[in-house]
Amino acid sequence: YKRVYLMAPNYQAGKDALSGFKGQYKGKPLDEIYTTVNQPDYSAEIAQLQAAKPDAVYVFYPGGMGVNFVKQYQQAGLLGKVPLLSASTVDGTTLPALKDIAVGVITGSPYSPDLDNPQNKKFVEDFRKKYNRVPSLYAAQSYDAAMLLNSALLKTGGKIDREPLRAALKQADFRSVAGPFRFNNNQFPIRNFYRVDVGRDSSGQAAFVTRATVLKDHPDPHASQCPMK
């Protein structure tokens with residue numbers, strides 16, 4: 001896409017999300033718009049982006065903001081015409097509210113419920129049984145955190161002395177539901193990022209479909225600036 005229009009709420013996470021996009025995008029965004037946090041109505045901004053005639057729109061609108069934005073984007077007749085790229089906008093927390101409306105949205109994420117590995121299949125199956133929905137990235141990260149802590153405690157024999165526990169945690173000797181995982185020198189994860197589309201499952205319900213591993217074993221951009229070893 002050569003003409004990408006960017007939108008996010010005007011707070012630090014929104015600015016970071018658009019900064020992350022620009023760090024990987026090989027071009028200059030058509031425009032960069034910041035909206036009020038928890039804004040319920042995006043009709044003016046959607047009219048503005050329509051007038052700009054972008055090739056695609058990239059947004060970061062987590063939670064209820066994402067539900068409102070995607071519904072209004074679809075109501076404006078843009079979904080299916082102008083590709084909607086997103087992060088943390090349509091996920092396991094918002095898909096139950098959006099359902100079929102979200103079909104066609106393209107997301108980027110370090111996790112998807114349909115990732116094909118044994119630990120994720122079991123996690124999703126157990127999560128569905130208990131909550132009757134697919135897990136979100138936040139649920140997956142929480143599960144991984146528990147598995148990481150368990151792996152460290154197994155190495156220390158259940159002891160929680162600071163230095164041995166810290167060393168055991170850094171080894172990250174566990175199987176992540178999101179695929180390969182290890183810590184970088186600055187103790188941020190090195191992991192994959194996936195293109196995940198909202199499509200349909202075998203029963204015709206709106207569901208997440210992993211299309212590709214976009215970034216493999218990807219470190220955060222600041223690791224080289226960190227003096228930690």
# chains A, B, ... in the order shown; residues from 1 in each chain; ligands from 1

call {"tool": "residues_around", "arguments": {"residues": "A:Arg211", "least_positions_apart": "4", "cutoff": "9 Å", "atoms": "only C-alpha atoms", "output": "list in words"}}
result
Tyr194, Arg195, Val196 and Asp197 of chain A

call {"tool": "write_last_selection", "arguments": {"atoms": "N, CA and C atoms", "output": "short mmCIF file (atom, residue, chain, number, x, y, z; two decimals), in the first residue's frame"}}
result
data_model
loop_
_atom_site.label_atom_id
_atom_site.label_comp_id
_atom_site.auth_asym_id
_atom_site.auth_seq_id
_atom_site.Cartn_x
_atom_site.Cartn_y
_atom_site.Cartn_z
N TYR A 194 2.45 -12.10 13.54
CA TYR A 194 1.66 -12.76 12.51
C TYR A 194 0.66 -11.80 11.86
N ARG A 195 0.38 -12.08 10.59
CA ARG A 195 -0.77 -11.46 9.95
C ARG A 195 -1.97 -12.37 10.23
N VAL A 196 -2.98 -11.79 10.87
CA VAL A 196 -4.17 -12.55 11.25
C VAL A 196 -5.40 -11.83 10.69
N ASP A 197 -6.11 -12.48 9.79
CA ASP A 197 -7.32 -11.90 9.21
C ASP A 197 -8.55 -12.37 9.97
#

call {"tool": "residues_around", "arguments": {"residues": "A:Phe193", "least_positions_apart": "2", "cutoff": "12 Å", "atoms": "only C-alpha atoms", "output": "PDB file with C-alpha atoms, in the first residue's frame"}}
result
ATOM      1  CA  ALA A  87      -3.483  -3.751  15.967  1.00  0.00           C
ATOM      2  CA  THR A 107      -4.695  -7.533  12.101  1.00  0.00           C
ATOM      3  CA  GLY A 108      -1.089  -7.816  13.182  1.00  0.00           C
ATOM      4  CA  SER A 109      -0.396  -9.655  16.422  1.00  0.00           C
ATOM      5  CA  PRO A 110       2.153 -11.814  18.261  1.00  0.00           C
ATOM      6  CA  TYR A 111      -0.667 -14.309  18.929  1.00  0.00           C
ATOM      7  CA  SER A 112      -3.680 -15.902  17.255  1.00  0.00           C
ATOM      8  CA  LEU A 115      -1.745 -21.066  15.806  1.00  0.00           C
ATOM      9  CA  LEU A 137      -3.713 -11.874  23.283  1.00  0.00           C
ATOM     10  CA  ALA A 178       2.413 -18.049  20.580  1.00  0.00           C
ATOM     11  CA  GLY A 179       5.373 -19.965  19.150  1.00  0.00           C
ATOM     12  CA  PRO A 180       9.138 -19.485  19.662  1.00  0.00           C
ATOM     13  CA  PHE A 181       9.979 -17.308  22.677  1.00  0.00           C
ATOM     14  CA  PRO A 189      10.871 -11.029  24.303  1.00  0.00           C
ATOM     15  CA  ILE A 190      12.140 -12.111  20.910  1.00  0.00           C
ATOM     16  CA  ARG A 191       9.104 -13.609  19.179  1.00  0.00           C
ATOM     17  CA  ARG A 195      -0.774 -11.461   9.952  1.00  0.00           C
ATOM     18  CA  VAL A 196      -4.171 -12.548  11.248  1.00  0.00           C
ATOM     19  CA  THR A 210      -3.452 -16.738  10.564  1.00  0.00           C
ATOM     20  CA  ARG A 211      -2.232 -15.920   7.043  1.00  0.00           C
ATOM     21  CA  ALA A 212       1.513 -15.530   7.499  1.00  0.00           C
ATOM     22  CA  THR A 213       4.424 -15.065   9.884  1.00  0.00           C
ATOM     23  CA  VAL A 214       5.287 -11.479   9.019  1.00  0.00           C
ATOM     24  CA  LEU A 215       8.226 -11.044  11.415  1.00  0.00           C
ATOM     25  CA  LYS A 216      10.133 -14.114  12.606  1.00  0.00           C
ATOM     26  CA  ASP A 217      12.159 -14.067  15.857  1.00  0.00           C
ATOM     27  CA  HIS A 218      11.612 -10.320  16.013  1.00  0.00           C
ATOM     28  CA  PRO A 219      13.413  -8.265  18.701  1.00  0.00           C
ATOM     29  CA  ASP A 220      12.178  -4.920  19.966  1.00  0.00           C
TER      30      ASP A 220
END

call {"tool": "atom_distance", "arguments": {"atom1": "atom CA of A:Leu78", "atom2": "atom CA of A:Val105"}}
result
11.0 Å

call {"tool": "residues_around", "arguments": {"residues": "stretch 13-24 of chain A", "least_positions_apart": "5", "cutoff": "8 Å", "atoms": "only C-alpha atoms", "output": "ChimeraX atom specification"}}
result
/A:6-8,29,34,59-61,87

call {"tool": "write_last_selection", "arguments": {"atoms": "N, CA and C atoms", "output": "PDB file, in the first residue's frame"}}
result
ATOM      1  N   LEU A   6      -3.372   6.758   8.850  1.00  0.00           N
ATOM      2  CA  LEU A   6      -3.184   6.247  10.207  1.00  0.00           C
ATOM      3  C   LEU A   6      -4.112   6.941  11.199  1.00  0.00           C
ATOM      4  N   MET A   7      -4.682   6.151  12.126  1.00  0.00           N
ATOM      5  CA  MET A   7      -5.544   6.713  13.167  1.00  0.00           C
ATOM      6  C   MET A   7      -5.333   5.976  14.487  1.00  0.00           C
ATOM      7  N   ALA A   8      -5.377   6.737  15.585  1.00  0.00           N
ATOM      8  CA  ALA A   8      -5.251   6.148  16.920  1.00  0.00           C
ATOM      9  C   ALA A   8      -5.743   7.168  17.940  1.00  0.00           C
ATOM     10  N   PRO A  29       3.279   7.842   5.415  1.00  0.00           N
ATOM     11  CA  PRO A  29       1.823   7.763   5.578  1.00  0.00           C
ATOM     12  C   PRO A  29       1.115   8.949   4.935  1.00  0.00           C
ATOM     13  N   TYR A  34      -4.975  11.706  15.347  1.00  0.00           N
ATOM     14  CA  TYR A  34      -5.188  11.266  16.726  1.00  0.00           C
ATOM     15  C   TYR A  34      -6.541  11.769  17.215  1.00  0.00           C
ATOM     16  N   VAL A  59      -5.274   1.339  11.989  1.00  0.00           N
ATOM     17  CA  VAL A  59      -5.776   1.915  13.230  1.00  0.00           C
ATOM     18  C   VAL A  59      -5.330   1.107  14.442  1.00  0.00           C
ATOM     19  N   PHE A  60      -5.265   1.792  15.565  1.00  0.00           N
ATOM     20  CA  PHE A  60      -5.080   1.171  16.874  1.00  0.00           C
ATOM     21  C   PHE A  60      -6.198   1.701  17.756  1.00  0.00           C
ATOM     22  N   TYR A  61      -7.227   0.886  17.973  1.00  0.00           N
ATOM     23  CA  TYR A  61      -8.354   1.275  18.817  1.00  0.00           C
ATOM     24  C   TYR A  61      -8.766   0.094  19.700  1.00  0.00           C
ATOM     25  N   ALA A  87      -4.163  -3.087  14.854  1.00  0.00           N
ATOM     26  CA  ALA A  87      -3.483  -3.751  15.967  1.00  0.00           C
ATOM     27  C   ALA A  87      -4.325  -3.528  17.207  1.00  0.00           C
TER      28      ALA A  87
END

call {"tool": "atom_distance", "arguments": {"atom1": "atom CA of A:Lys28", "atom2": "atom CA of A:Leu85"}}
result
16.0 Å

call {"tool": "closest_residue", "arguments": {"among": "A:Ala207, A:Leu169, A:Tyr11, A:Asp144", "to": "A:Thr94", "atoms": "only C-alpha atoms"}}
result
A:Ala207

call {"tool": "closest_residue", "arguments": {"among": "A:Gln48, A:Gln171, A:Ser176, A:Gln39", "to": "A:Asn10", "atoms": "only C-alpha atoms"}}
result
A:Gln39

call {"tool": "residues_around", "arguments": {"residues": "A:Gln74", "least_positions_apart": "4", "cutoff": "12 Å", "atoms": "only C-alpha atoms", "output": "PDB file with N, CA and C atoms, in the first residue's frame"}}
result
ATOM      1  N   TYR A  42     -16.979   8.474  15.340  1.00  0.00           N
ATOM      2  CA  TYR A  42     -15.853   8.738  14.439  1.00  0.00           C
ATOM      3  C   TYR A  42     -16.324   9.181  13.054  1.00  0.00           C
ATOM      4  N   SER A  43     -17.565   9.602  12.946  1.00  0.00           N
ATOM      5  CA  SER A  43     -18.122   9.912  11.624  1.00  0.00           C
ATOM      6  C   SER A  43     -17.362  11.037  10.930  1.00  0.00           C
ATOM      7  N   ILE A  46     -14.006   9.636   9.769  1.00  0.00           N
ATOM      8  CA  ILE A  46     -14.190   8.688   8.667  1.00  0.00           C
ATOM      9  C   ILE A  46     -14.498   9.427   7.368  1.00  0.00           C
ATOM     10  N   VAL A  67     -14.604  -1.376  18.838  1.00  0.00           N
ATOM     11  CA  VAL A  67     -15.953  -1.818  18.466  1.00  0.00           C
ATOM     12  C   VAL A  67     -16.685  -0.692  17.753  1.00  0.00           C
ATOM     13  N   ASN A  68     -16.642   0.507  18.325  1.00  0.00           N
ATOM     14  CA  ASN A  68     -17.328   1.648  17.716  1.00  0.00           C
ATOM     15  C   ASN A  68     -16.739   1.999  16.356  1.00  0.00           C
ATOM     16  N   PHE A  69     -15.403   2.032  16.274  1.00  0.00           N
ATOM     17  CA  PHE A  69     -14.782   2.435  15.013  1.00  0.00           C
ATOM     18  C   PHE A  69     -15.093   1.450  13.897  1.00  0.00           C
ATOM     19  N   VAL A  70     -14.930   0.158  14.144  1.00  0.00           N
ATOM     20  CA  VAL A  70     -15.150  -0.841  13.091  1.00  0.00           C
ATOM     21  C   VAL A  70     -16.604  -0.831  12.636  1.00  0.00           C
ATOM     22  N   LEU A  78     -16.986   1.274   3.843  1.00  0.00           N
ATOM     23  CA  LEU A  78     -15.559   1.191   3.530  1.00  0.00           C
ATOM     24  C   LEU A  78     -14.981  -0.205   3.705  1.00  0.00           C
ATOM     25  N   LEU A  79     -15.543  -0.985   4.617  1.00  0.00           N
ATOM     26  CA  LEU A  79     -15.011  -2.320   4.870  1.00  0.00           C
ATOM     27  C   LEU A  79     -15.237  -3.197   3.648  1.00  0.00           C
ATOM     28  N   GLY A  80     -14.145  -3.724   3.110  1.00  0.00           N
ATOM     29  CA  GLY A  80     -14.229  -4.480   1.867  1.00  0.00           C
ATOM     30  C   GLY A  80     -13.825  -3.653   0.663  1.00  0.00           C
ATOM     31  N   LYS A  81     -13.820  -2.329   0.817  1.00  0.00           N
ATOM     32  CA  LYS A  81     -13.378  -1.433  -0.261  1.00  0.00           C
ATOM     33  C   LYS A  81     -11.982  -0.880   0.026  1.00  0.00           C
ATOM     34  N   VAL A  82     -11.816  -0.337   1.219  1.00  0.00           N
ATOM     35  CA  VAL A  82     -10.517   0.193   1.639  1.00  0.00           C
ATOM     36  C   VAL A  82     -10.017  -0.701   2.766  1.00  0.00           C
ATOM     37  N   PRO A  83      -8.960  -1.492   2.546  1.00  0.00           N
ATOM     38  CA  PRO A  83      -8.494  -2.445   3.557  1.00  0.00           C
ATOM     39  C   PRO A  83      -8.273  -1.784   4.913  1.00  0.00           C
ATOM     40  N   LEU A  84      -8.805  -2.425   5.952  1.00  0.00           N
ATOM     41  CA  LEU A  84      -8.633  -1.928   7.314  1.00  0.00           C
ATOM     42  C   LEU A  84      -7.591  -2.788   8.018  1.00  0.00           C
ATOM     43  N   LEU A  98     -18.435  -7.656  17.792  1.00  0.00           N
ATOM     44  CA  LEU A  98     -18.466  -7.286  16.375  1.00  0.00           C
ATOM     45  C   LEU A  98     -19.014  -8.396  15.482  1.00  0.00           C
ATOM     46  N   ASP A 100     -19.877 -10.786  12.676  1.00  0.00           N
ATOM     47  CA  ASP A 100     -19.718 -10.745  11.218  1.00  0.00           C
ATOM     48  C   ASP A 100     -19.253  -9.390  10.697  1.00  0.00           C
ATOM     49  N   ILE A 101     -19.522  -8.331  11.453  1.00  0.00           N
ATOM     50  CA  ILE A 101     -19.117  -6.992  11.017  1.00  0.00           C
ATOM     51  C   ILE A 101     -17.608  -6.923  10.803  1.00  0.00           C
ATOM     52  N   ALA A 102     -16.859  -7.687  11.596  1.00  0.00           N
ATOM     53  CA  ALA A 102     -15.395  -7.605  11.550  1.00  0.00           C
ATOM     54  C   ALA A 102     -14.766  -8.432  10.441  1.00  0.00           C
ATOM     55  N   VAL A 103     -15.539  -9.258   9.759  1.00  0.00           N
ATOM     56  CA  VAL A 103     -14.973 -10.105   8.706  1.00  0.00           C
ATOM     57  C   VAL A 103     -14.326  -9.229   7.630  1.00  0.00           C
ATOM     58  N   GLY A 104     -13.073  -9.503   7.340  1.00  0.00           N
ATOM     59  CA  GLY A 104     -12.336  -8.713   6.363  1.00  0.00           C
ATOM     60  C   GLY A 104     -11.277  -7.822   6.979  1.00  0.00           C
ATOM     61  N   VAL A 105     -11.363  -7.590   8.296  1.00  0.00           N
ATOM     62  CA  VAL A 105     -10.343  -6.782   8.965  1.00  0.00           C
ATOM     63  C   VAL A 105      -9.031  -7.569   9.021  1.00  0.00           C
TER      64      VAL A 105
END

call {"tool": "residues_around", "arguments": {"residues": "A:Met228", "least_positions_apart": "5", "cutoff": "9 Å", "atoms": "only C-alpha atoms", "output": "ChimeraX atom specification"}}
result
/A:185-187,223

call {"tool": "write_last_selection", "arguments": {"atoms": "N, CA and C atoms", "output": "mmCIF file, in the first residue's frame"}}
result
data_model
loop_
_atom_site.group_PDB
_atom_site.id
_atom_site.type_symbol
_atom_site.label_atom_id
_atom_site.label_comp_id
_atom_site.auth_asym_id
_atom_site.auth_seq_id
_atom_site.Cartn_x
_atom_site.Cartn_y
_atom_site.Cartn_z
ATOM 1 N N ASN A 185 18.668 -9.326 25.375
ATOM 2 C CA ASN A 185 19.572 -8.813 26.405
ATOM 3 C C ASN A 185 18.885 -7.819 27.337
ATOM 4 N N ASN A 186 17.870 -7.091 26.831
ATOM 5 C CA ASN A 186 17.152 -6.122 27.661
ATOM 6 C C ASN A 186 15.918 -6.730 28.326
ATOM 7 N N GLN A 187 15.797 -8.054 28.231
ATOM 8 C CA GLN A 187 14.737 -8.826 28.862
ATOM 9 C C GLN A 187 13.355 -8.561 28.268
ATOM 10 N N ALA A 223 16.671 -2.865 21.832
ATOM 11 C CA ALA A 223 17.583 -3.791 22.514
ATOM 12 C C ALA A 223 19.049 -3.399 22.331
#

call {"tool": "atom_distance", "arguments": {"atom1": "atom CA of A:Lys26", "atom2": "atom CA of A:Tyr1"}}
result
9.3 Å

call {"tool": "select_by_dssp", "arguments": {"residues": "stretch 31-225 of chain A", "states": "strand (DSSP E or B)", "output": "PyMOL selection string"}}
result
chain A and resi 31-35+56-59+84-86+106-109+181-183+189-200+206-218

call {"tool": "select_by_dssp", "arguments": {"residues": "stretch 85-114 of chain A", "states": "alpha helix (DSSP H)", "output": "number ranges by chain"}}
result
A: 95-98

call {"tool": "write_last_selection", "arguments": {"atoms": "N, CA and C atoms", "output": "PDB file, in the first residue's frame"}}
result
ATOM      1  N   LEU A  95     -14.137  -9.289  19.285  1.00  0.00           N
ATOM      2  CA  LEU A  95     -14.833 -10.056  18.247  1.00  0.00           C
ATOM      3  C   LEU A  95     -16.223 -10.512  18.686  1.00  0.00           C
ATOM      4  N   PRO A  96     -16.440 -10.909  19.961  1.00  0.00           N
ATOM      5  CA  PRO A  96     -17.798 -11.292  20.362  1.00  0.00           C
ATOM      6  C   PRO A  96     -18.826 -10.186  20.171  1.00  0.00           C
ATOM      7  N   ALA A  97     -18.401  -8.922  20.259  1.00  0.00           N
ATOM      8  CA  ALA A  97     -19.324  -7.803  20.056  1.00  0.00           C
ATOM      9  C   ALA A  97     -19.484  -7.459  18.581  1.00  0.00           C
ATOM     10  N   LEU A  98     -18.435  -7.656  17.792  1.00  0.00           N
ATOM     11  CA  LEU A  98     -18.466  -7.286  16.375  1.00  0.00           C
ATOM     12  C   LEU A  98     -19.014  -8.396  15.482  1.00  0.00           C
TER      13      LEU A  98
END

call {"tool": "residues_around", "arguments": {"residues": "A:Thr156", "least_positions_apart": "5", "cutoff": "8 Å", "atoms": "only C-alpha atoms", "output": "list in words"}}
result
Pro164, Leu165 and Ala168 of chain A

call {"tool": "write_last_selection", "arguments": {"atoms": "C-alpha atoms", "output": "short mmCIF file (atom, residue, chain, number, x, y, z; two decimals), in the first residue's frame"}}
result
data_model
loop_
_atom_site.label_atom_id
_atom_site.label_comp_id
_atom_site.auth_asym_id
_atom_site.auth_seq_id
_atom_site.Cartn_x
_atom_site.Cartn_y
_atom_site.Cartn_z
CA PRO A 164 18.45 -18.01 41.26
CA LEU A 165 14.81 -17.30 40.39
CA ALA A 168 15.79 -19.33 35.86
#

call {"tool": "decode", "arguments": {"residues": "stretch 128-148 of chain A", "atoms": "N, CA and C atoms", "output": "PDB file, in the first residue's frame"}}
result
ATOM      1  N   ARG A 128     -12.034 -22.164  25.756  1.00  0.00           N
ATOM      2  CA  ARG A 128     -13.384 -22.202  25.172  1.00  0.00           C
ATOM      3  C   ARG A 128     -14.374 -22.900  26.103  1.00  0.00           C
ATOM      4  N   LYS A 129     -13.942 -24.015  26.685  1.00  0.00           N
ATOM      5  CA  LYS A 129     -14.830 -24.770  27.574  1.00  0.00           C
ATOM      6  C   LYS A 129     -15.266 -23.928  28.769  1.00  0.00           C
ATOM      7  N   LYS A 130     -14.354 -23.128  29.287  1.00  0.00           N
ATOM      8  CA  LYS A 130     -14.655 -22.354  30.488  1.00  0.00           C
ATOM      9  C   LYS A 130     -15.365 -21.040  30.195  1.00  0.00           C
ATOM     10  N   TYR A 131     -14.982 -20.356  29.092  1.00  0.00           N
ATOM     11  CA  TYR A 131     -15.489 -19.005  28.851  1.00  0.00           C
ATOM     12  C   TYR A 131     -16.374 -18.884  27.610  1.00  0.00           C
ATOM     13  N   ASN A 132     -16.470 -19.937  26.821  1.00  0.00           N
ATOM     14  CA  ASN A 132     -17.313 -19.949  25.623  1.00  0.00           C
ATOM     15  C   ASN A 132     -16.919 -18.872  24.609  1.00  0.00           C
ATOM     16  N   ARG A 133     -15.636 -18.629  24.490  1.00  0.00           N
ATOM     17  CA  ARG A 133     -15.106 -17.712  23.473  1.00  0.00           C
ATOM     18  C   ARG A 133     -13.631 -18.032  23.290  1.00  0.00           C
ATOM     19  N   VAL A 134     -13.042 -17.476  22.234  1.00  0.00           N
ATOM     20  CA  VAL A 134     -11.615 -17.710  22.023  1.00  0.00           C
ATOM     21  C   VAL A 134     -10.803 -16.766  22.902  1.00  0.00           C
ATOM     22  N   PRO A 135      -9.615 -17.168  23.299  1.00  0.00           N
ATOM     23  CA  PRO A 135      -8.787 -16.294  24.132  1.00  0.00           C
ATOM     24  C   PRO A 135      -8.217 -15.122  23.344  1.00  0.00           C
ATOM     25  N   SER A 136      -8.005 -14.035  24.036  1.00  0.00           N
ATOM     26  CA  SER A 136      -7.367 -12.861  23.448  1.00  0.00           C
ATOM     27  C   SER A 136      -5.860 -12.943  23.644  1.00  0.00           C
ATOM     28  N   LEU A 137      -5.155 -11.990  23.062  1.00  0.00           N
ATOM     29  CA  LEU A 137      -3.713 -11.874  23.283  1.00  0.00           C
ATOM     30  C   LEU A 137      -3.411 -11.739  24.768  1.00  0.00           C
ATOM     31  N   TYR A 138      -4.246 -10.969  25.486  1.00  0.00           N
ATOM     32  CA  TYR A 138      -4.005 -10.733  26.907  1.00  0.00           C
ATOM     33  C   TYR A 138      -4.122 -12.031  27.703  1.00  0.00           C
ATOM     34  N   ALA A 139      -5.101 -12.855  27.354  1.00  0.00           N
ATOM     35  CA  ALA A 139      -5.256 -14.149  28.019  1.00  0.00           C
ATOM     36  C   ALA A 139      -4.061 -15.051  27.717  1.00  0.00           C
ATOM     37  N   ALA A 140      -3.618 -15.042  26.456  1.00  0.00           N
ATOM     38  CA  ALA A 140      -2.475 -15.869  26.061  1.00  0.00           C
ATOM     39  C   ALA A 140      -1.206 -15.436  26.791  1.00  0.00           C
ATOM     40  N   GLN A 141      -1.002 -14.132  26.909  1.00  0.00           N
ATOM     41  CA  GLN A 141       0.185 -13.634  27.607  1.00  0.00           C
ATOM     42  C   GLN A 141       0.137 -13.981  29.096  1.00  0.00           C
ATOM     43  N   SER A 142      -1.050 -13.927  29.677  1.00  0.00           N
ATOM     44  CA  SER A 142      -1.195 -14.286  31.090  1.00  0.00           C
ATOM     45  C   SER A 142      -0.892 -15.765  31.303  1.00  0.00           C
ATOM     46  N   TYR A 143      -1.380 -16.597  30.391  1.00  0.00           N
ATOM     47  CA  TYR A 143      -1.120 -18.039  30.466  1.00  0.00           C
ATOM     48  C   TYR A 143       0.379 -18.311  30.320  1.00  0.00           C
ATOM     49  N   ASP A 144       0.995 -17.653  29.342  1.00  0.00           N
ATOM     50  CA  ASP A 144       2.441 -17.818  29.148  1.00  0.00           C
ATOM     51  C   ASP A 144       3.222 -17.378  30.388  1.00  0.00           C
ATOM     52  N   ALA A 145       2.782 -16.289  31.017  1.00  0.00           N
ATOM     53  CA  ALA A 145       3.470 -15.801  32.213  1.00  0.00           C
ATOM     54  C   ALA A 145       3.428 -16.845  33.326  1.00  0.00           C
ATOM     55  N   ALA A 146       2.283 -17.501  33.466  1.00  0.00           N
ATOM     56  CA  ALA A 146       2.164 -18.556  34.479  1.00  0.00           C
ATOM     57  C   ALA A 146       3.068 -19.742  34.138  1.00  0.00           C
ATOM     58  N   MET A 147       3.127 -20.107  32.852  1.00  0.00           N
ATOM     59  CA  MET A 147       3.985 -21.216  32.435  1.00  0.00           C
ATOM     60  C   MET A 147       5.470 -20.873  32.609  1.00  0.00           C
ATOM     61  N   LEU A 148       5.820 -19.620  32.339  1.00  0.00           N
ATOM     62  CA  LEU A 148       7.200 -19.163  32.541  1.00  0.00           C
ATOM     63  C   LEU A 148       7.579 -19.258  34.014  1.00  0.00           C
TER      64      LEU A 148
END
